[in-house]
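S.K.: So I've got this file, structure-v5.txt, and it contains compact mmCIF, C-alpha atoms:
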```txt
# COMPACT_ATOMS: atom_id res chain seq x y z
CA MET A 1 -29.49 24.33 -47.70
CA LEU A 2 -30.55 27.13 -45.35
CA LYS A 3 -34.24 26.47 -46.12
CA LEU A 4 -33.74 22.76 -45.38
CA PHE A 5 -32.07 23.59 -42.06
CA ARG A 6 -34.91 25.94 -41.07
CA PHE A 7 -37.49 23.31 -41.96
CA PHE A 8 -35.64 20.75 -39.84
CA ILE A 9 -35.56 23.08 -36.80
CA LEU A 10 -39.27 23.88 -37.23
CA PHE A 11 -40.04 20.19 -37.57
CA ILE A 12 -38.28 19.38 -34.27
CA LEU A 13 -40.03 22.24 -32.44
CA LEU A 14 -43.47 21.25 -33.63
CA GLN A 15 -42.87 17.56 -33.01
CA ASN A 16 -42.15 18.49 -29.38
CA LEU A 17 -45.29 20.63 -29.38
CA HIS A 18 -47.33 17.65 -30.55
CA ALA A 19 -45.67 15.28 -28.10
CA ASN A 20 -46.60 17.44 -25.11
CA ASN A 21 -49.96 18.73 -26.33
CA ASP A 22 -52.38 16.07 -27.60
CA ASP A 23 -55.05 18.77 -27.76
CA LEU A 24 -53.46 20.02 -30.99
CA ASN A 25 -55.00 17.10 -32.85
CA PHE A 26 -58.02 18.26 -34.82
CA LYS A 27 -61.44 17.63 -33.29
CA LEU A 28 -64.52 16.10 -34.90
CA ILE A 29 -67.74 17.39 -33.35
CA LYS A 30 -70.99 15.67 -34.29
CA LYS A 31 -74.25 17.55 -33.82
CA GLY A 32 -77.89 16.66 -34.39
CA ILE A 33 -79.41 13.24 -34.98
CA GLN A 34 -76.92 11.25 -37.04
CA ASP A 35 -78.22 10.13 -40.43
CA ASP A 36 -77.07 9.44 -44.00
CA ASN A 37 -77.50 13.08 -45.05
CA THR A 38 -74.59 14.59 -43.13
CA LEU A 39 -72.95 17.96 -43.77
CA LEU A 40 -69.21 18.01 -43.07
CA ILE A 41 -67.85 21.50 -42.29
CA VAL A 42 -64.07 22.00 -42.34
CA GLY A 43 -62.30 25.06 -40.95
CA GLY A 44 -58.68 25.85 -40.22
CA ILE A 45 -56.96 24.00 -43.06
CA GLN A 46 -54.93 27.19 -43.41
CA GLY A 47 -54.28 28.79 -40.03
CA ASP A 48 -54.11 32.40 -41.20
CA GLU A 49 -57.80 32.40 -42.17
CA PRO A 50 -59.66 33.03 -38.89
CA GLY A 51 -63.05 33.84 -40.40
CA GLY A 52 -63.35 30.27 -41.62
CA PHE A 53 -62.30 28.45 -38.47
CA MET A 54 -64.22 30.88 -36.24
CA ALA A 55 -67.45 30.24 -38.18
CA ALA A 56 -66.95 26.48 -37.92
CA SER A 57 -66.28 26.70 -34.18
CA LEU A 58 -69.44 28.77 -33.61
CA ILE A 59 -71.54 26.14 -35.38
CA ALA A 60 -70.06 23.70 -32.85
CA THR A 61 -70.66 25.84 -29.75
CA HIS A 62 -73.51 28.28 -30.43
CA TYR A 63 -75.85 26.33 -32.70
CA GLU A 64 -78.33 23.60 -31.83
CA ILE A 65 -79.08 21.21 -34.70
CA THR A 66 -82.76 20.33 -34.21
CA LYS A 67 -83.11 18.20 -37.36
CA GLY A 68 -80.47 16.46 -39.42
CA SER A 69 -76.77 15.73 -38.98
CA VAL A 70 -73.79 18.08 -39.02
CA TRP A 71 -70.14 17.14 -38.50
CA ILE A 72 -67.67 19.93 -37.76
CA VAL A 73 -63.87 19.93 -37.96
CA PRO A 74 -63.14 23.52 -36.87
CA ASN A 75 -59.37 23.18 -36.40
CA LEU A 76 -58.05 20.85 -39.10
CA ASN A 77 -54.52 22.31 -38.98
CA PHE A 78 -54.30 23.40 -35.34
CA ASN A 79 -50.53 23.90 -35.48
CA SER A 80 -51.08 26.29 -38.36
CA ILE A 81 -53.77 28.19 -36.43
CA ILE A 82 -51.54 28.67 -33.39
CA LYS A 83 -48.60 29.71 -35.57
CA ARG A 84 -50.88 32.09 -37.52
CA SER A 85 -49.43 30.71 -40.74
CA ARG A 86 -50.69 29.19 -43.97
CA GLY A 87 -49.00 25.97 -42.88
CA PRO A 88 -45.83 25.32 -40.84
CA PHE A 89 -45.08 22.33 -43.07
CA GLY A 90 -46.44 23.79 -46.29
CA ASP A 91 -49.99 24.36 -47.47
CA MET A 92 -52.12 21.44 -46.24
CA ASN A 93 -54.71 22.22 -48.91
CA ARG A 94 -52.19 21.17 -51.55
CA LYS A 95 -51.58 17.70 -50.09
CA PHE A 96 -54.70 15.76 -51.10
CA ALA A 97 -53.45 14.38 -54.42
CA TYR A 98 -50.25 13.12 -52.81
CA ILE A 99 -48.61 13.35 -49.39
CA SER A 100 -45.49 11.60 -48.14
CA LYS A 101 -45.76 9.43 -45.04
CA GLU A 102 -42.83 11.44 -43.70
CA ASP A 103 -44.81 14.69 -43.90
CA PRO A 104 -45.83 15.92 -40.40
CA ASP A 105 -49.31 16.62 -41.82
CA PHE A 106 -49.74 13.02 -43.03
CA LEU A 107 -51.93 11.72 -40.19
CA ASP A 108 -54.27 14.72 -40.21
CA VAL A 109 -54.70 14.53 -43.98
CA LYS A 110 -55.31 10.78 -43.73
CA ARG A 111 -57.95 11.28 -41.00
CA ILE A 112 -59.86 13.97 -42.89
CA LYS A 113 -59.80 11.88 -46.07
CA GLU A 114 -61.39 9.02 -44.13
CA LEU A 115 -64.13 11.35 -42.87
CA ILE A 116 -64.81 12.67 -46.37
CA LYS A 117 -65.30 9.12 -47.65
CA LYS A 118 -67.75 8.12 -44.90
CA PRO A 119 -70.98 7.00 -46.64
CA GLU A 120 -73.20 9.20 -44.46
CA VAL A 121 -71.35 12.36 -45.54
CA LYS A 122 -73.13 13.84 -48.55
CA LEU A 123 -71.79 17.40 -48.75
CA ILE A 124 -68.44 18.88 -47.72
CA LEU A 125 -67.82 22.57 -47.13
CA ASN A 126 -64.28 23.93 -46.78
CA LEU A 127 -64.13 27.43 -45.24
CA HIS A 128 -61.45 29.93 -46.30
CA ASP A 129 -60.55 33.60 -46.07
CA GLY A 130 -59.26 34.69 -49.47
CA SER A 131 -57.37 37.69 -50.74
CA GLY A 132 -59.20 40.70 -52.15
CA TYR A 133 -62.54 40.39 -53.92
CA PHE A 134 -63.19 37.88 -56.69
CA ARG A 135 -64.58 39.44 -59.86
CA LYS A 136 -65.08 37.70 -63.19
CA LYS A 137 -63.50 40.68 -64.99
CA HIS A 138 -60.46 42.70 -63.93
CA ILE A 139 -61.34 45.97 -62.19
CA ASP A 140 -58.17 46.71 -60.20
CA LYS A 141 -55.54 44.77 -58.24
CA GLU A 142 -57.95 43.95 -55.40
CA HIS A 143 -60.99 43.17 -57.59
CA SER A 144 -60.12 40.65 -60.27
CA PRO A 145 -60.37 36.99 -61.42
CA TYR A 146 -57.09 36.33 -59.57
CA LYS A 147 -58.57 37.13 -56.15
CA TRP A 148 -60.56 34.67 -54.04
CA GLY A 149 -62.41 36.67 -51.39
CA GLN A 150 -66.22 36.86 -51.33
CA SER A 151 -66.89 33.87 -53.56
CA SER A 152 -68.56 30.48 -53.58
CA ILE A 153 -66.11 27.97 -55.05
CA ILE A 154 -66.93 24.91 -57.17
CA ASP A 155 -64.57 22.66 -59.14
CA GLN A 156 -67.09 21.90 -61.87
CA ALA A 157 -70.69 22.69 -62.77
CA THR A 158 -72.23 19.28 -62.07
CA LEU A 159 -71.35 15.97 -60.45
CA ASN A 160 -72.99 12.63 -61.18
CA VAL A 161 -74.04 11.72 -57.63
CA PRO A 162 -77.49 10.90 -56.16
CA VAL A 163 -77.80 14.18 -54.19
CA TYR A 164 -76.39 17.71 -54.40
CA GLY A 165 -74.66 17.11 -57.72
CA ASN A 166 -76.03 20.37 -59.13
CA LEU A 167 -72.98 22.25 -57.85
CA GLU A 168 -73.40 25.38 -59.96
CA GLU A 169 -77.06 25.77 -59.06
CA ILE A 170 -76.31 25.35 -55.34
CA GLY A 171 -73.37 27.78 -55.53
CA LYS A 172 -75.56 30.42 -57.17
CA ARG A 173 -78.19 29.96 -54.47
CA ILE A 174 -75.53 30.53 -51.79
CA CYS A 175 -74.46 33.76 -53.49
CA GLU A 176 -78.06 34.97 -53.64
CA LYS A 177 -78.53 34.30 -49.93
CA VAL A 178 -75.36 36.16 -48.96
CA ASN A 179 -76.01 39.04 -51.36
CA ALA A 180 -79.43 39.62 -49.82
CA ASN A 181 -77.69 40.37 -46.51
CA LEU A 182 -74.60 42.40 -47.42
CA ILE A 183 -72.96 44.83 -45.03
CA ARG A 184 -71.82 46.95 -47.99
CA LYS A 185 -72.13 46.66 -51.78
CA GLU A 186 -68.44 45.89 -52.26
CA ASP A 187 -68.88 42.62 -50.33
CA ILE A 188 -70.99 41.05 -53.08
CA TYR A 189 -70.46 37.30 -53.58
CA HIS A 190 -69.84 35.68 -56.97
CA LEU A 191 -69.75 32.06 -58.06
CA HIS A 192 -66.21 30.97 -58.92
CA ASN A 193 -65.94 27.78 -61.01
CA THR A 194 -62.27 26.79 -61.07
CA LYS A 195 -62.95 24.13 -63.77
CA THR A 196 -60.28 22.05 -62.13
CA LYS A 197 -60.53 19.12 -64.58
CA LEU A 198 -59.39 21.34 -67.43
CA GLY A 199 -55.85 21.42 -66.11
CA ASP A 200 -55.65 23.52 -62.94
CA LYS A 201 -52.75 21.61 -61.38
CA GLU A 202 -52.90 23.51 -58.09
CA MET A 203 -56.62 22.96 -57.55
CA GLU A 204 -56.20 19.26 -58.33
CA LYS A 205 -54.33 18.97 -55.02
CA THR A 206 -57.12 20.41 -52.85
CA LEU A 207 -59.53 18.94 -50.32
CA THR A 208 -62.63 19.80 -52.35
CA TYR A 209 -61.28 18.19 -55.52
CA TYR A 210 -60.36 15.07 -53.53
CA ALA A 211 -63.96 14.96 -52.30
CA ILE A 212 -65.32 15.42 -55.84
CA ASN A 213 -63.17 12.52 -57.05
CA ASN A 214 -64.62 10.37 -54.29
CA GLY A 215 -68.18 11.07 -55.37
CA LYS A 216 -69.01 13.78 -52.83
CA ALA A 217 -70.50 17.20 -53.46
CA ALA A 218 -67.95 19.72 -52.21
CA PHE A 219 -67.73 23.51 -52.07
CA GLY A 220 -65.34 26.16 -50.88
CA ASN A 221 -66.58 29.32 -49.23
CA GLU A 222 -64.31 32.36 -49.28
CA ALA A 223 -64.68 35.53 -47.22
CA SER A 224 -62.34 38.42 -47.94
CA LYS A 225 -59.19 38.99 -45.90
CA GLU A 226 -59.83 42.70 -46.39
CA LEU A 227 -62.67 42.45 -43.83
CA PRO A 228 -62.39 42.27 -40.03
CA VAL A 229 -62.71 38.77 -38.60
CA HIS A 230 -66.27 39.17 -37.29
CA GLU A 231 -67.49 40.28 -40.73
CA ARG A 232 -65.75 37.35 -42.45
CA THR A 233 -67.40 35.05 -39.91
CA TYR A 234 -70.75 36.70 -40.60
CA TYR A 235 -70.55 35.90 -44.32
CA HIS A 236 -69.42 32.33 -43.67
CA LEU A 237 -72.36 31.77 -41.33
CA LEU A 238 -74.82 33.19 -43.87
CA ALA A 239 -73.53 30.66 -46.39
CA LEU A 240 -73.46 27.82 -43.85
CA GLU A 241 -77.05 28.39 -42.83
CA GLU A 242 -78.15 28.28 -46.48
CA TYR A 243 -76.27 25.00 -47.05
CA MET A 244 -78.08 23.54 -44.03
CA THR A 245 -81.42 24.76 -45.41
CA ILE A 246 -80.67 23.15 -48.79
CA MET A 247 -79.96 19.85 -47.02
CA GLY A 248 -83.10 20.02 -44.87
CA ILE A 249 -81.07 20.55 -41.71
CA GLU A 250 -82.84 22.68 -39.10
CA PHE A 251 -81.11 24.69 -36.39
CA LYS A 252 -81.32 27.29 -33.65
CA ARG A 253 -78.54 29.72 -32.74
CA LYS A 254 -77.80 31.55 -29.49
CA PHE A 255 -77.26 35.02 -30.98
CA ASP A 256 -78.61 37.37 -33.62
CA LEU A 257 -76.78 36.95 -36.92
CA GLN A 258 -75.68 40.57 -37.10
CA PRO A 259 -72.04 41.71 -37.41
CA LEU A 260 -71.79 43.58 -34.09
CA ALA A 261 -73.62 40.89 -32.14
CA LEU A 262 -71.28 38.37 -33.70
CA ARG A 263 -68.21 40.37 -32.70
CA ASN A 264 -69.47 40.38 -29.12
CA VAL A 265 -69.88 36.59 -29.16
CA ILE A 266 -66.41 36.03 -30.63
CA ASP A 267 -64.59 38.43 -28.30
CA ASN A 268 -66.52 38.18 -25.04
CA ASP A 269 -68.32 34.84 -24.75
CA ILE A 270 -65.08 32.97 -24.07
CA TYR A 271 -63.66 31.23 -21.02
CA ILE A 272 -61.59 28.23 -20.00
CA SER A 273 -61.98 25.98 -16.98
CA PHE A 274 -59.38 23.84 -15.23
CA TYR A 275 -59.38 20.72 -13.08
CA ASP A 276 -63.04 19.72 -13.19
CA ASP A 277 -64.21 23.35 -13.06
CA LYS A 278 -62.32 24.16 -9.87
CA ILE A 279 -61.13 27.21 -11.80
CA ARG A 280 -63.26 28.97 -14.42
CA LEU A 281 -61.33 31.78 -16.06
CA PRO A 282 -63.18 34.43 -18.12
CA LEU A 283 -60.99 35.50 -21.03
CA SER A 284 -62.58 38.55 -22.63
CA GLN A 285 -60.37 40.99 -20.68
CA VAL A 286 -57.78 38.58 -19.29
CA ARG A 287 -54.32 39.91 -18.45
CA SER A 288 -51.55 38.89 -20.83
CA TYR A 289 -49.55 37.37 -17.95
CA ILE A 290 -50.85 35.68 -14.80
CA SER A 291 -48.38 34.72 -12.08
CA TYR A 292 -48.61 31.90 -9.55
CA PHE A 293 -51.32 30.02 -11.41
CA PRO A 294 -52.14 26.63 -9.80
CA ILE A 295 -50.74 23.76 -11.88
CA LYS A 296 -50.50 20.11 -10.87
CA LYS A 297 -47.05 19.04 -9.70
CA ASP A 298 -46.72 16.62 -12.61
CA GLY A 299 -47.12 19.54 -15.04
CA ILE A 300 -50.31 18.12 -16.56
CA ILE A 301 -52.91 20.82 -17.04
CA ASP A 302 -56.48 19.54 -17.39
CA PHE A 303 -58.70 22.09 -19.09
CA LYS A 304 -62.01 22.54 -20.90
CA PRO A 305 -62.14 25.42 -23.39
CA SER A 306 -65.31 27.22 -24.42
CA SER A 307 -64.24 26.98 -28.07
CA PRO A 308 -62.68 24.10 -30.05
CA VAL A 309 -60.14 26.57 -31.48
CA MET A 310 -58.88 27.32 -27.96
CA THR A 311 -56.10 25.38 -26.28
CA VAL A 312 -53.27 25.58 -23.74
CA VAL A 313 -49.70 25.01 -24.90
CA LYS A 314 -46.68 24.47 -22.66
CA ASN A 315 -43.87 26.82 -23.65
CA SER A 316 -40.16 26.02 -23.69
CA ASN A 317 -39.67 28.14 -20.55
CA SER A 318 -42.26 25.98 -18.69
CA THR A 319 -44.97 28.62 -18.73
CA TYR A 320 -48.36 27.82 -20.29
CA ALA A 321 -49.98 29.90 -23.04
CA ILE A 322 -53.72 30.11 -23.65
CA HIS A 323 -54.37 30.35 -27.40
CA TYR A 324 -57.71 31.29 -28.96
CA GLY A 325 -57.50 30.89 -32.69
CA ASN A 326 -54.68 33.14 -33.92
CA ARG A 327 -54.51 35.05 -30.64
CA LYS A 328 -52.37 34.26 -27.62
CA LEU A 329 -54.58 35.54 -24.83
CA SER A 330 -52.50 34.94 -21.74
CA VAL A 331 -49.39 33.27 -20.36
CA LEU A 332 -49.69 31.37 -17.07
CA GLU A 333 -46.70 31.21 -14.73
CA PRO A 334 -47.16 27.90 -12.87
CA ASP A 335 -47.37 27.45 -9.14
CA TYR A 336 -46.89 23.68 -8.88
CA LEU A 337 -48.96 21.99 -6.18
CA GLU A 338 -51.19 19.04 -5.37
CA VAL A 339 -54.82 19.36 -6.47
CA SER A 340 -57.66 17.99 -4.35
CA GLU A 341 -60.26 15.70 -5.89
CA LYS A 342 -63.09 17.29 -3.92
CA LYS A 343 -65.23 20.16 -5.15
CA GLU A 344 -67.55 21.81 -2.64
CA SER A 345 -69.49 24.96 -1.90
CA VAL A 346 -68.26 27.68 0.45
CA LYS A 347 -70.30 30.09 2.56
CA PHE A 348 -69.77 33.78 1.69
CA LYS A 349 -71.26 37.04 2.88
CA ILE A 350 -71.48 39.32 -0.16
CA ASP A 351 -72.40 42.94 0.51
CA GLY A 352 -73.89 41.85 3.80
CA LYS A 353 -75.93 38.96 2.40
CA GLU A 354 -75.05 35.34 3.15
CA GLN A 355 -74.98 32.84 0.31
CA SER A 356 -73.46 29.49 -0.63
CA VAL A 357 -70.97 29.74 -3.50
CA GLU A 358 -69.71 26.75 -5.47
CA VAL A 359 -65.96 26.53 -5.97
CA GLY A 360 -65.20 27.58 -9.55
CA SER A 361 -67.85 30.33 -9.60
CA LEU A 362 -67.55 34.00 -10.42
CA ILE A 363 -69.49 36.28 -8.07
CA ASP A 364 -70.38 39.96 -8.41
CA VAL A 365 -69.51 42.19 -5.45
CA SER A 366 -70.37 45.86 -5.16
CA LYS A 367 -68.51 46.76 -1.91
CA SER A 368 -67.20 43.87 0.19
CA PHE A 369 -67.09 40.10 0.67
CA TYR A 370 -66.41 37.84 3.63
CA VAL A 371 -65.61 34.10 3.63
CA PHE A 372 -66.92 32.27 6.68
CA PRO A 373 -64.31 30.14 8.48
CA ASN A 374 -64.42 26.55 7.20
CA ASN A 375 -62.23 23.51 6.46
CA TYR A 376 -60.12 25.51 4.02
CA ARG A 377 -57.27 27.95 4.31
CA VAL A 378 -58.33 30.99 2.29
CA ASN A 379 -55.86 33.07 0.26
CA VAL A 380 -57.08 36.22 -1.47
CA ILE A 381 -54.42 36.92 -4.09
CA GLY A 382 -53.20 40.52 -3.78
CA TYR A 383 -54.82 41.21 -0.39
CA VAL A 384 -52.44 43.53 1.45
CA ASN A 385 -53.40 43.20 5.13
CA LYS A 386 -51.34 40.10 5.82
CA SER A 387 -51.81 39.87 9.58
CA HIS A 388 -53.32 36.41 9.15
CA LYS A 389 -52.21 33.33 7.18
CA ASN A 390 -55.85 32.41 6.65
CA GLU A 391 -58.09 35.13 5.23
CA ALA A 392 -61.38 33.46 6.13
CA GLY A 393 -63.33 35.50 8.65
CA ILE A 394 -62.10 38.86 7.28
CA LYS A 395 -64.27 41.44 5.56
CA ILE A 396 -62.42 42.51 2.41
CA GLU A 397 -63.02 45.49 0.15
CA LYS A 398 -61.60 46.23 -3.29
CA ASP A 399 -59.15 48.95 -2.22
CA GLU A 400 -57.47 46.41 0.09
CA ILE A 401 -56.38 44.32 -2.91
CA ILE A 402 -53.47 45.37 -5.15
CA LYS A 403 -54.85 46.04 -8.62
CA ARG A 404 -51.97 44.39 -10.50
CA PHE A 405 -53.07 41.03 -9.06
CA SER A 406 -56.42 41.20 -10.84
CA LEU A 407 -57.04 38.61 -13.55
CA ASP A 408 -58.48 41.19 -15.94
CA ARG A 409 -57.07 44.36 -17.48
CA LYS A 410 -59.87 46.47 -15.96
CA GLY A 411 -58.84 45.52 -12.42
CA GLN A 412 -62.21 44.09 -11.44
CA ILE A 413 -61.70 40.31 -11.04
CA TYR A 414 -59.65 38.79 -8.20
CA ARG A 415 -58.83 35.28 -6.99
CA VAL A 416 -60.02 33.76 -3.75
CA GLU A 417 -58.13 30.47 -3.45
CA PHE A 418 -58.94 27.55 -1.16
CA TYR A 419 -56.53 24.96 0.27
CA ASN A 420 -57.37 21.93 2.40
CA LYS A 421 -56.25 22.54 6.00
CA THR A 422 -55.31 18.89 6.46
CA ASP A 423 -52.95 18.33 3.49
CA ASN A 424 -52.69 21.83 1.95
CA LYS A 425 -53.94 20.57 -1.43
CA PHE A 426 -55.41 23.17 -3.75
CA ALA A 427 -59.22 22.83 -3.63
CA GLY A 428 -60.16 25.48 -6.19
CA MET A 429 -60.93 29.16 -6.42
CA VAL A 430 -63.83 31.57 -6.51
CA LEU A 431 -63.46 34.70 -8.63
CA VAL A 432 -64.73 37.95 -7.15
CA LYS A 433 -65.74 40.65 -9.61
CA PHE A 434 -66.07 44.15 -8.20
CA THR A 435 -68.70 45.91 -10.25
CA LYS A 436 -68.78 49.67 -9.74
CA LYS A 437 -72.16 49.96 -11.44
CA LEU A 438 -73.74 47.71 -8.84
CA PHE A 439 -72.16 49.72 -6.03
CA ASP A 440 -73.39 53.00 -7.52
CA GLU A 441 -76.89 51.57 -7.77
CA VAL A 442 -76.81 50.56 -4.09
CA VAL A 443 -75.65 54.05 -3.04
CA SER A 444 -78.24 55.70 -5.26
CA ASN A 445 -81.04 53.54 -3.90
CA GLU A 446 -80.02 54.27 -0.30
CA ALA A 447 -79.83 58.01 -0.99
CA GLY A 448 -83.24 57.98 -2.62
CA LYS A 449 -85.06 56.54 0.39
CA VAL A 450 -87.48 58.86 2.23
CA PRO A 451 -86.14 59.34 5.80
CA ALA A 452 -88.32 58.16 8.66
CA LYS A 453 -90.12 60.85 10.68
CA LEU A 454 -88.38 61.83 13.88
```
Could the structure of this file be written out as structure tokens, please?
M.R.:
Amino acid sequence: MLKLFRFFILFILLQNLHANNDDLNFKLIKKGIQDDNTLLIVGGIQGDEPGGFMAASLIATHYEITKGSVWIVPNLNFNSIIKRSRGPFGDMNRKFAYISKEDPDFLDVKRIKELIKKPEVKLILNLHDGSGYFRKKHIDKEHSPYKWGQSSIIDQATLNVPVYGNLEEIGKRICEKVNANLIRKEDIYHLHNTKTKLGDKEMEKTLTYYAINNGKAAFGNEASKELPVHERTYYHLLALEEYMTIMGIEFKRKFDLQPLALRNVIDNDIYISFYDDKIRLPLSQVRSYISYFPIKKDGIIDFKPSSPVMTVVKNSNSTYAIHYGNRKLSVLEPDYLEVSEKKESVKFKIDGKEQSVEVGSLIDVSKSFYVFPNNYRVNVIGYVNKSHKNEAGIKIEKDEIIKRFSLDRKGQIYRVEFYNKTDNKFAGMVLVKFTKKLFDEVVSNEAGKVPAKL
């Protein structure tokens, strides 16, 4: 009875979450030139497996498909990702043989089934992070046939379909590709044939077996949960690139496929913008709590994330949380106001040099900045010399701004907000980043100059 009560409470909470946050519906991202040889990549069916959904999201954001067709669903169970759970309503990957219409996961399962059955989709890849290290013979509790990590999964050896039916051969090729690029010997990949038809009742309920039964080549790819997220993502991407090569899909990526470079992309190449880019917030070092953040009076927050596994959720206490995969990056305390439709450039003097700066930009400053008087009231958040209501026309240096008002934990990035003088509507902000390195270079260069002869 207690379990039923807990499920009911969780159901109500997540129904409210869905009702107020349409962005929790999973996204389908189509890349390349669409054809009848499409690869469908699925991540996030189980939300506690970030290597899988992070790899899928990077294919969506950091890869260019130059030949062929790739469809990506990076966040199939977005509720599960945000909750960092296997599934708030049970394991979604056990709902493909049967699911009740009353199940909160019903619509998402129905949608992904429809995508799987699309005639142009020829191969489906479901990305997972599995426990331990799969080995065909028992070695110890973390290396055994009962573990799933570091394996290429097939349900059967062959499938009678026009293309990619040689499942075992393809799976072995994936393992060879990954094993030629291991970080360490322990990470070796093995082919894992679950032989689902022979009576594996659990595997009969999965997405890949549903795809097989609908005449589609389907594979699982498992990285080990024993590895850090960027290394799991690395192994998933190695496998993904080989699947694309097998299908004749060509691509370019924006980074070197090396573990440390990948960690940098995952952790640092992230941002979110609001209200038609009037605000562009870098997130790599963002503070966990930001006060007085501009939010429309109606409570609707329009945003564009840099990653499809990033979203903004309204909390029960009316704050807004920025989620990136399993991580809650920051909580925004709203400052409700009217938002202007206009987006313009503003004239700044940065370290003595005049330049036009578009609202929504981030600018580097070594010593000081100055906003020329204009049609806006200027508010530098945290500026302590409050002798004026409008801070345009004032030269401002870093030590005149209270550090705790910075947007980042390092105390480098500060808000310069603009409001229309006529109606006081919020017009956007420019972020000022004080970079000590730049200032030191300026001082060094000045000190190194040969003095003029007297």
S.K.: Please indicate the distance in Å from atom CA of Thr233 of chain A to atom CA of Arg263 of chain A, rounded to one decimal place.
M.R.: 9.0 Å
S.K.: Could you check the closest approach to Ser368 of chain A for each of A:Thr422, A:Thr435, A:Asn166, A:Thr319 and tell me which residue wins, using only C-alpha atoms?
M.R.: A:Thr435
S.K.: If I take atom CA of Lys113 of chain A and atom CA of Gln34 of chain A, how far is one from the other in Å, to one decimal?
M.R.: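 Computing the Euclidean distance for atom CA of Lys113 of chain A and atom CA of Gln34 of chain A yields 19.4 Å.
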S.K.: In Å, how far is it from atom CA of Asp35 of chain A to atom CA of Val121 of chain A?
M.R.: 8.8 Å
S.K.: With only C-alpha atoms as the counted atoms, please give the residues lying no more than 9 Å from segment 371-387 of chain A, apart from itself and same-chain residues fewer than 6 positions off, as a PDB file with C-alpha atoms, in the frame of the given file.
M.R.:
```pdb
ATOM      1  CA  VAL A 346     -68.260  27.680   0.450  1.00  0.00           C
ATOM      2  CA  LYS A 347     -70.300  30.090   2.560  1.00  0.00           C
ATOM      3  CA  PHE A 348     -69.770  33.780   1.690  1.00  0.00           C
ATOM      4  CA  LYS A 349     -71.260  37.040   2.880  1.00  0.00           C
ATOM      5  CA  ILE A 350     -71.480  39.320  -0.160  1.00  0.00           C
ATOM      6  CA  GLY A 393     -63.330  35.500   8.650  1.00  0.00           C
ATOM      7  CA  ILE A 394     -62.100  38.860   7.280  1.00  0.00           C
ATOM      8  CA  LYS A 395     -64.270  41.440   5.560  1.00  0.00           C
ATOM      9  CA  ILE A 396     -62.420  42.510   2.410  1.00  0.00           C
ATOM     10  CA  LYS A 398     -61.600  46.230  -3.290  1.00  0.00           C
ATOM     11  CA  GLU A 400     -57.470  46.410   0.090  1.00  0.00           C
ATOM     12  CA  ILE A 401     -56.380  44.320  -2.910  1.00  0.00           C
ATOM     13  CA  ILE A 402     -53.470  45.370  -5.150  1.00  0.00           C
ATOM     14  CA  LYS A 403     -54.850  46.040  -8.620  1.00  0.00           C
ATOM     15  CA  ARG A 404     -51.970  44.390 -10.500  1.00  0.00           C
ATOM     16  CA  PHE A 405     -53.070  41.030  -9.060  1.00  0.00           C
ATOM     17  CA  SER A 406     -56.420  41.200 -10.840  1.00  0.00           C
ATOM     18  CA  TYR A 414     -59.650  38.790  -8.200  1.00  0.00           C
ATOM     19  CA  ARG A 415     -58.830  35.280  -6.990  1.00  0.00           C
ATOM     20  CA  VAL A 416     -60.020  33.760  -3.750  1.00  0.00           C
ATOM     21  CA  GLU A 417     -58.130  30.470  -3.450  1.00  0.00           C
ATOM     22  CA  PHE A 418     -58.940  27.550  -1.160  1.00  0.00           C
ATOM     23  CA  TYR A 419     -56.530  24.960   0.270  1.00  0.00           C
ATOM     24  CA  ASN A 420     -57.370  21.930   2.400  1.00  0.00           C
ATOM     25  CA  LYS A 421     -56.250  22.540   6.000  1.00  0.00           C
ATOM     26  CA  THR A 422     -55.310  18.890   6.460  1.00  0.00           C
ATOM     27  CA  ASN A 424     -52.690  21.830   1.950  1.00  0.00           C
ATOM     28  CA  ALA A 427     -59.220  22.830  -3.630  1.00  0.00           C
TER      29      ALA A 427
END
```
S.K.: Given the choices A:Gly299, A:Gly32, A:Gly220, A:Pro294, which gets closest to Glu64 of chain A if the distance is worked out from only C-alpha atoms?
M.R.: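 Distance minimum relative to Glu64 of chain A lands on A:Gly32.
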S.K.: Could you tell me which of A:Phe26, A:Tyr235, A:Phe96, A:Phe53 comes closest to Glu202 of chain A if we count all atoms listed in the file?
M.R.: A:Phe96
S.K.: Can you work out which one of A:Ala223, A:Val161, A:Ala56, A:Met92 has the shortest atom-to-atom distance to Tyr133 of chain A, counting all atoms listed in the file?
M.R.: A:Ala223
S.K.: Just checking: using only C-alpha atoms, which residue out of A:Leu123, A:Leu329, A:Val229, A:Ile301 ends up closest to Asp36 of chain A?
M.R.: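 Result for the nearest residue to Asp36 of chain A: A:Leu123.
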